[in-house]
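Structure below is data.cif: mmCIF, C-alpha atoms; chains and numbers go by the auth columns.
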```
data_protein
loop_
_atom_site.group_PDB
_atom_site.id
_atom_site.type_symbol
_atom_site.label_atom_id
_atom_site.label_comp_id
_atom_site.label_asym_id
_atom_site.label_seq_id
_atom_site.Cartn_x
_atom_site.Cartn_y
_atom_site.Cartn_z
_atom_site.B_iso_or_equiv
_atom_site.auth_seq_id
_atom_site.auth_asym_id
ATOM 1 C CA MET A 1 50.137 -203.790 33.019 0.00 1 A
ATOM 2 C CA THR A 2 53.310 -201.745 32.873 0.00 2 A
ATOM 3 C CA THR A 3 53.911 -198.789 30.596 0.00 3 A
ATOM 4 C CA ALA A 4 56.366 -200.845 28.537 0.00 4 A
ATOM 5 C CA ASN A 5 53.745 -203.564 28.035 0.00 5 A
ATOM 6 C CA LEU A 6 51.147 -200.972 27.005 0.00 6 A
ATOM 7 C CA GLU A 7 53.560 -199.439 24.492 0.00 7 A
ATOM 8 C CA LYS A 8 54.402 -202.892 23.141 0.00 8 A
ATOM 9 C CA GLY A 9 50.695 -203.674 22.795 0.00 9 A
ATOM 10 C CA GLU A 10 50.041 -200.388 20.996 0.00 10 A
ATOM 11 C CA LEU A 11 52.992 -201.010 18.690 0.00 11 A
ATOM 12 C CA MET A 12 51.748 -204.519 17.908 0.00 12 A
ATOM 13 C CA SER A 13 48.296 -203.116 17.172 0.00 13 A
ATOM 14 C CA GLN A 14 49.749 -200.545 14.779 0.00 14 A
ATOM 15 C CA VAL A 15 51.842 -203.204 13.020 0.00 15 A
ATOM 16 C CA LYS A 16 48.778 -205.427 12.628 0.00 16 A
ATOM 17 C CA GLN A 17 46.828 -202.513 11.139 0.00 17 A
ATOM 18 C CA GLN A 18 49.651 -201.762 8.700 0.00 18 A
ATOM 19 C CA ILE A 19 49.786 -205.413 7.660 0.00 19 A
ATOM 20 C CA ALA A 20 46.010 -205.442 7.127 0.00 20 A
ATOM 21 C CA VAL A 21 46.228 -202.326 4.941 0.00 21 A
ATOM 22 C CA ALA A 22 49.116 -203.810 2.942 0.00 22 A
ATOM 23 C CA ASN A 23 47.163 -207.059 2.448 0.00 23 A
ATOM 24 C CA ALA A 24 44.098 -205.135 1.263 0.00 24 A
ATOM 25 C CA GLN A 25 46.205 -203.118 -1.186 0.00 25 A
ATOM 26 C CA GLU A 26 47.844 -206.285 -2.506 0.00 26 A
ATOM 27 C CA MET A 27 44.462 -207.971 -2.933 0.00 27 A
ATOM 28 C CA LEU A 28 43.033 -204.970 -4.781 0.00 28 A
ATOM 29 C CA ALA A 29 46.026 -204.764 -7.118 0.00 29 A
ATOM 30 C CA LYS A 30 45.901 -208.490 -7.936 0.00 30 A
ATOM 31 C CA MET A 31 42.139 -208.450 -8.400 0.00 31 A
ATOM 32 C CA THR A 32 42.330 -205.443 -10.711 0.00 32 A
ATOM 33 C CA GLU A 33 45.091 -206.994 -12.803 0.00 33 A
ATOM 34 C CA LYS A 34 43.488 -210.424 -13.111 0.00 34 A
ATOM 35 C CA CYS A 35 39.951 -209.206 -13.786 0.00 35 A
ATOM 36 C CA PHE A 36 41.125 -206.587 -16.296 0.00 36 A
ATOM 37 C CA LYS A 37 43.130 -209.201 -18.239 0.00 37 A
ATOM 38 C CA LYS A 38 40.201 -211.617 -18.154 0.00 38 A
ATOM 39 C CA CYS A 39 37.361 -209.235 -18.989 0.00 39 A
ATOM 40 C CA ILE A 40 38.652 -206.314 -21.067 0.00 40 A
ATOM 41 C CA ASN A 41 39.523 -207.258 -24.630 0.00 41 A
ATOM 42 C CA LYS A 42 40.075 -203.779 -26.011 0.00 42 A
ATOM 43 C CA PRO A 43 40.170 -200.835 -23.619 0.00 43 A
ATOM 44 C CA GLY A 44 37.966 -197.891 -24.537 0.00 44 A
ATOM 45 C CA LYS A 45 36.187 -194.938 -23.026 0.00 45 A
ATOM 46 C CA ALA A 46 33.547 -197.081 -21.312 0.00 46 A
ATOM 47 C CA LEU A 47 32.813 -200.693 -20.425 0.00 47 A
ATOM 48 C CA ASP A 48 30.091 -202.456 -22.352 0.00 48 A
ATOM 49 C CA THR A 49 27.446 -204.515 -20.560 0.00 49 A
ATOM 50 C CA SER A 50 29.257 -207.848 -20.926 0.00 50 A
ATOM 51 C CA GLU A 51 32.524 -206.350 -19.641 0.00 51 A
ATOM 52 C CA GLN A 52 30.727 -204.857 -16.641 0.00 52 A
ATOM 53 C CA ARG A 53 29.097 -208.204 -15.853 0.00 53 A
ATOM 54 C CA CYS A 54 32.417 -210.045 -16.281 0.00 54 A
ATOM 55 C CA ILE A 55 34.264 -207.581 -14.020 0.00 55 A
ATOM 56 C CA SER A 56 31.567 -207.846 -11.348 0.00 56 A
ATOM 57 C CA GLN A 57 31.559 -211.659 -11.376 0.00 57 A
ATOM 58 C CA CYS A 58 35.350 -211.825 -11.485 0.00 58 A
ATOM 59 C CA MET A 59 35.661 -209.498 -8.496 0.00 59 A
ATOM 60 C CA ASP A 60 33.048 -211.476 -6.543 0.00 60 A
ATOM 61 C CA ARG A 61 34.850 -214.770 -7.195 0.00 61 A
ATOM 62 C CA PHE A 62 38.231 -213.267 -6.373 0.00 62 A
ATOM 63 C CA MET A 63 36.944 -211.829 -3.074 0.00 63 A
ATOM 64 C CA ASP A 64 35.280 -215.139 -2.133 0.00 64 A
ATOM 65 C CA ALA A 65 38.508 -217.045 -2.820 0.00 65 A
ATOM 66 C CA TRP A 66 40.634 -214.462 -0.974 0.00 66 A
ATOM 67 C CA ASN A 67 38.342 -214.595 2.066 0.00 67 A
ATOM 68 C CA LEU A 68 38.345 -218.404 2.102 0.00 68 A
ATOM 69 C CA VAL A 69 42.133 -218.559 1.934 0.00 69 A
ATOM 70 C CA SER A 70 42.471 -215.863 4.623 0.00 70 A
ATOM 71 C CA ARG A 71 40.074 -217.650 6.993 0.00 71 A
ATOM 72 C CA THR A 72 41.744 -221.006 6.421 0.00 72 A
ATOM 73 C CA TYR A 73 45.206 -219.534 6.983 0.00 73 A
ATOM 74 C CA GLY A 74 44.051 -217.727 10.134 0.00 74 A
ATOM 75 C CA ASN A 75 42.514 -220.921 11.509 0.00 75 A
ATOM 76 C CA ARG A 76 45.701 -222.835 10.794 0.00 76 A
ATOM 77 C CA LEU A 77 47.826 -220.213 12.554 0.00 77 A
ATOM 78 C CA GLN A 78 45.494 -220.336 15.541 0.00 78 A
ATOM 79 C CA ARG A 79 45.698 -224.140 15.714 0.00 79 A
ATOM 80 C CA GLU A 80 49.496 -224.009 15.511 0.00 80 A
ATOM 81 C CA GLN A 81 49.655 -221.354 18.230 0.00 81 A
ATOM 82 C CA THR A 82 47.369 -223.422 20.469 0.00 82 A
ATOM 83 C CA LYS A 83 49.532 -226.487 19.862 0.00 83 A
ATOM 84 C CA VAL A 84 52.684 -224.570 20.833 0.00 84 A
ATOM 85 C CA LEU A 85 51.036 -223.155 23.958 0.00 85 A
ATOM 86 C CA ASP A 86 49.832 -226.623 24.947 0.00 86 A
ATOM 87 C CA GLN A 87 53.391 -227.961 24.575 0.00 87 A
ATOM 88 C CA VAL A 88 54.727 -225.126 26.736 0.00 88 A
ATOM 89 C CA ASP A 89 52.118 -225.880 29.406 0.00 89 A
ATOM 90 C CA MET A 90 53.132 -229.559 29.419 0.00 90 A
ATOM 91 C CA THR A 91 56.759 -228.692 30.065 0.00 91 A
ATOM 92 C CA ASN A 92 55.907 -226.478 33.050 0.00 92 A
#
```
Just give me the structure as C-alpha coordinates.
Amino acid sequence: MTTANLEKGELMSQVKQQIAVANAQEMLAKMTEKCFKKCINKPGKALDTSEQRCISQCMDRFMDAWNLVSRTYGNRLQREQTKVLDQVDMTN
(Lines of atoms letter the chains of each structure in order from A and count residues from 1; the text may use other names and numbers.)
(Lines give C-alpha, C1' and ligand atoms only; values in the text may rest on other atoms or scores of the structure.)
Protein backbone atom coordinates (compact mmCIF):
# COMPACT_ATOMS: atom_id res chain seq x y z
CA MET A 1 0.00 0.00 0.00
CA THR A 2 1.34 3.42 -0.87
CA THR A 3 1.70 6.31 1.54
CA ALA A 4 -1.17 8.13 -0.19
CA ASN A 5 -3.43 5.11 0.27
CA LEU A 6 -2.47 4.85 3.95
CA GLU A 7 -3.22 8.54 4.49
CA LYS A 8 -6.54 8.16 2.68
CA GLY A 9 -7.40 5.16 4.86
CA GLU A 10 -6.49 7.04 8.03
CA LEU A 11 -8.55 10.02 6.91
CA MET A 12 -11.53 7.79 6.16
CA SER A 13 -11.18 6.19 9.58
CA GLN A 14 -11.15 9.59 11.27
CA VAL A 15 -14.21 10.72 9.30
CA LYS A 16 -16.07 7.54 10.26
CA GLN A 17 -15.21 8.13 13.93
CA GLN A 18 -16.43 11.72 13.72
CA ILE A 19 -19.68 10.58 12.11
CA ALA A 20 -20.16 7.96 14.85
CA VAL A 21 -19.63 10.60 17.55
CA ALA A 22 -22.05 12.99 15.83
CA ASN A 23 -24.66 10.21 15.55
CA ALA A 24 -24.27 9.35 19.24
CA GLN A 25 -24.66 13.01 20.22
CA GLU A 26 -27.75 13.36 18.03
CA MET A 27 -29.27 10.21 19.53
CA LEU A 28 -28.61 11.40 23.08
CA ALA A 29 -30.12 14.82 22.40
CA LYS A 30 -33.26 13.34 20.81
CA MET A 31 -33.64 10.74 23.55
CA THR A 32 -33.28 13.36 26.27
CA GLU A 33 -35.82 15.66 24.64
CA LYS A 34 -38.41 12.98 23.93
CA CYS A 35 -38.14 11.19 27.28
CA PHE A 36 -38.17 14.47 29.24
CA LYS A 37 -41.34 15.63 27.44
CA LYS A 38 -42.97 12.24 27.97
CA CYS A 39 -42.01 11.61 31.59
CA ILE A 40 -41.52 14.92 33.42
CA ASN A 41 -44.76 16.76 34.12
CA LYS A 42 -43.39 19.45 36.40
CA PRO A 43 -39.63 19.82 36.78
CA GLY A 44 -38.34 19.97 40.34
CA LYS A 45 -35.25 19.33 42.40
CA ALA A 46 -35.51 15.55 42.07
CA LEU A 47 -37.33 12.88 40.08
CA ASP A 48 -39.99 10.88 41.86
CA THR A 49 -40.13 7.09 41.54
CA SER A 50 -42.63 7.05 38.67
CA GLU A 51 -40.61 9.63 36.71
CA GLN A 52 -37.43 7.61 37.22
CA ARG A 53 -39.16 4.44 36.02
CA CYS A 54 -40.67 6.27 33.02
CA ILE A 55 -37.30 7.79 32.04
CA SER A 56 -35.58 4.41 32.32
CA GLN A 57 -38.19 2.61 30.21
CA CYS A 58 -38.32 5.44 27.68
CA MET A 59 -34.54 5.41 27.27
CA ASP A 60 -34.50 1.61 26.89
CA ARG A 61 -37.19 1.71 24.19
CA PHE A 62 -35.51 4.59 22.40
CA MET A 63 -32.14 2.79 22.38
CA ASP A 64 -33.73 -0.46 21.15
CA ALA A 65 -35.47 1.39 18.31
CA TRP A 66 -32.32 3.36 17.42
CA ASN A 67 -30.23 0.18 17.32
CA LEU A 68 -32.80 -1.63 15.17
CA VAL A 69 -32.96 1.22 12.68
CA SER A 70 -29.15 1.52 12.61
CA ARG A 71 -28.67 -2.21 11.99
CA THR A 72 -31.35 -2.28 9.30
CA TYR A 73 -29.87 0.77 7.57
CA GLY A 74 -26.35 -0.69 7.75
CA ASN A 75 -27.55 -3.99 6.28
CA ARG A 76 -29.32 -2.16 3.47
CA LEU A 77 -26.21 -0.13 2.65
CA GLN A 78 -24.15 -3.31 2.61
CA ARG A 79 -26.61 -5.04 0.26
CA GLU A 80 -26.60 -2.02 -2.06
CA GLN A 81 -22.80 -1.89 -2.05
CA THR A 82 -22.61 -5.61 -2.83
CA LYS A 83 -25.10 -5.15 -5.67
CA VAL A 84 -23.03 -2.32 -7.16
CA LEU A 85 -19.80 -4.32 -6.86
CA ASP A 86 -21.46 -7.32 -8.51
CA GLN A 87 -22.58 -5.10 -11.41
CA VAL A 88 -19.05 -3.75 -11.79
CA ASP A 89 -17.65 -7.29 -11.84
CA MET A 90 -20.13 -8.27 -14.57
CA THR A 91 -19.00 -5.42 -16.80
CA ASN A 92 -15.32 -6.39 -16.51
field: Top pick for closest residue to Asn67 in chain A, considering A:Cys35, A:Ala46, A:Met90, A:Ala24 and counting all atoms listed in the file
entry: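 Using all atoms listed in the file, Asn67 in chain A sits closest to A:Ala24.
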- request: Mind giving me the straight-line distance from CA of Lys30 in chain A to CA of Phe62 in chain A in Å, one decimal?
  value: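 Atom-to-atom, CA of Lys30 in chain A and CA of Phe62 in chain A are spaced 9.2 Å apart.
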query: What is the CA of Ile55 in chain A to CA of Ala20 in chain A distance in Å?
result: 24.3 Å
message: Could you tell me how far CA of Gln18 in chain A sits from CA of Thr32 in chain A, in Å to one decimal place?
response: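 Going from CA of Thr32 in chain A over to CA of Gln18 in chain A, I get 21.1 Å.
Distance check against Asp64 in chain A using all atoms listed in the file: of A:Leu6, A:Met27, A:Met12, A:Gln17, the minimum falls on A:Met27.
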message: Show me, as a list in words, the residues that have an atom within 9 Å of Cys58 in chain A when counting all atoms listed in the file, minus same-chain residues fewer than 4 positions from it.
response: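 The residues satisfying every condition are Met31, Lys34, Cys35, Lys38, Cys39, Arg53, Cys54, Phe62 and Met63 of chain A.
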Residues of the last selection are to be written out with C-alpha atoms, as a short mmCIF file (atom, residue, chain, number, x, y, z; two decimals), keeping the file's coordinate frame.
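The resulting file, part06.cif, is reproduced below:
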```cif
data_model
loop_
_atom_site.label_atom_id
_atom_site.label_comp_id
_atom_site.auth_asym_id
_atom_site.auth_seq_id
_atom_site.Cartn_x
_atom_site.Cartn_y
_atom_site.Cartn_z
CA MET A 31 42.14 -208.45 -8.40
CA LYS A 34 43.49 -210.42 -13.11
CA CYS A 35 39.95 -209.21 -13.79
CA LYS A 38 40.20 -211.62 -18.15
CA CYS A 39 37.36 -209.24 -18.99
CA ARG A 53 29.10 -208.20 -15.85
CA CYS A 54 32.42 -210.04 -16.28
CA PHE A 62 38.23 -213.27 -6.37
CA MET A 63 36.94 -211.83 -3.07
#
```
- prompt: Pick the closest to Gln57 in chain A from A:Asn23, A:Phe36, A:Val84, A:Ala29: which is it, counting all atoms listed in the file?
  reply: A:Phe36
Regenerate range 78-89 of chain A at the level of N, CA, C and O atoms and dump it as a PDB file, in the frame of the given file.
```
ATOM      1  N   GLN A  78      46.049-220.220  14.196  1.00  0.00           N
ATOM      2  CA  GLN A  78      45.494-220.336  15.541  1.00  0.00           C
ATOM      3  C   GLN A  78      45.694-221.743  16.100  1.00  0.00           C
ATOM      4  O   GLN A  78      46.054-221.917  17.265  1.00  0.00           O
ATOM      5  N   ARG A  79      45.480-222.755  15.262  1.00  0.00           N
ATOM      6  CA  ARG A  79      45.698-224.140  15.714  1.00  0.00           C
ATOM      7  C   ARG A  79      47.163-224.370  16.079  1.00  0.00           C
ATOM      8  O   ARG A  79      47.468-225.000  17.095  1.00  0.00           O
ATOM      9  N   GLU A  80      48.067-223.852  15.243  1.00  0.00           N
ATOM     10  CA  GLU A  80      49.496-224.009  15.511  1.00  0.00           C
ATOM     11  C   GLU A  80      49.891-223.301  16.803  1.00  0.00           C
ATOM     12  O   GLU A  80      50.669-223.820  17.596  1.00  0.00           O
ATOM     13  N   GLN A  81      49.350-222.107  17.018  1.00  0.00           N
ATOM     14  CA  GLN A  81      49.655-221.354  18.230  1.00  0.00           C
ATOM     15  C   GLN A  81      49.137-222.108  19.462  1.00  0.00           C
ATOM     16  O   GLN A  81      49.821-222.200  20.480  1.00  0.00           O
ATOM     17  N   THR A  82      47.938-222.650  19.364  1.00  0.00           N
ATOM     18  CA  THR A  82      47.369-223.422  20.469  1.00  0.00           C
ATOM     19  C   THR A  82      48.233-224.643  20.757  1.00  0.00           C
ATOM     20  O   THR A  82      48.493-224.970  21.920  1.00  0.00           O
ATOM     21  N   LYS A  83      48.688-225.303  19.701  1.00  0.00           N
ATOM     22  CA  LYS A  83      49.532-226.487  19.862  1.00  0.00           C
ATOM     23  C   LYS A  83      50.837-226.119  20.576  1.00  0.00           C
ATOM     24  O   LYS A  83      51.272-226.820  21.496  1.00  0.00           O
ATOM     25  N   VAL A  84      51.440-225.013  20.195  1.00  0.00           N
ATOM     26  CA  VAL A  84      52.684-224.570  20.833  1.00  0.00           C
ATOM     27  C   VAL A  84      52.438-224.232  22.297  1.00  0.00           C
ATOM     28  O   VAL A  84      53.225-224.618  23.175  1.00  0.00           O
ATOM     29  N   LEU A  85      51.351-223.513  22.578  1.00  0.00           N
ATOM     30  CA  LEU A  85      51.036-223.155  23.958  1.00  0.00           C
ATOM     31  C   LEU A  85      50.767-224.392  24.808  1.00  0.00           C
ATOM     32  O   LEU A  85      51.159-224.445  25.976  1.00  0.00           O
ATOM     33  N   ASP A  86      50.084-225.375  24.218  1.00  0.00           N
ATOM     34  CA  ASP A  86      49.832-226.623  24.947  1.00  0.00           C
ATOM     35  C   ASP A  86      51.147-227.343  25.273  1.00  0.00           C
ATOM     36  O   ASP A  86      51.305-227.888  26.353  1.00  0.00           O
ATOM     37  N   GLN A  87      52.101-227.328  24.343  1.00  0.00           N
ATOM     38  CA  GLN A  87      53.391-227.961  24.575  1.00  0.00           C
ATOM     39  C   GLN A  87      54.163-227.232  25.668  1.00  0.00           C
ATOM     40  O   GLN A  87      54.824-227.859  26.497  1.00  0.00           O
ATOM     41  N   VAL A  88      54.065-225.904  25.701  1.00  0.00           N
ATOM     42  CA  VAL A  88      54.727-225.126  26.736  1.00  0.00           C
ATOM     43  C   VAL A  88      54.120-225.444  28.096  1.00  0.00           C
ATOM     44  O   VAL A  88      54.842-225.615  29.084  1.00  0.00           O
ATOM     45  N   ASP A  89      52.793-225.550  28.153  1.00  0.00           N
ATOM     46  CA  ASP A  89      52.118-225.880  29.406  1.00  0.00           C
ATOM     47  C   ASP A  89      52.536-227.257  29.915  1.00  0.00           C
ATOM     48  O   ASP A  89      52.661-227.471  31.118  1.00  0.00           O
TER      49      ASP A  89
END
```
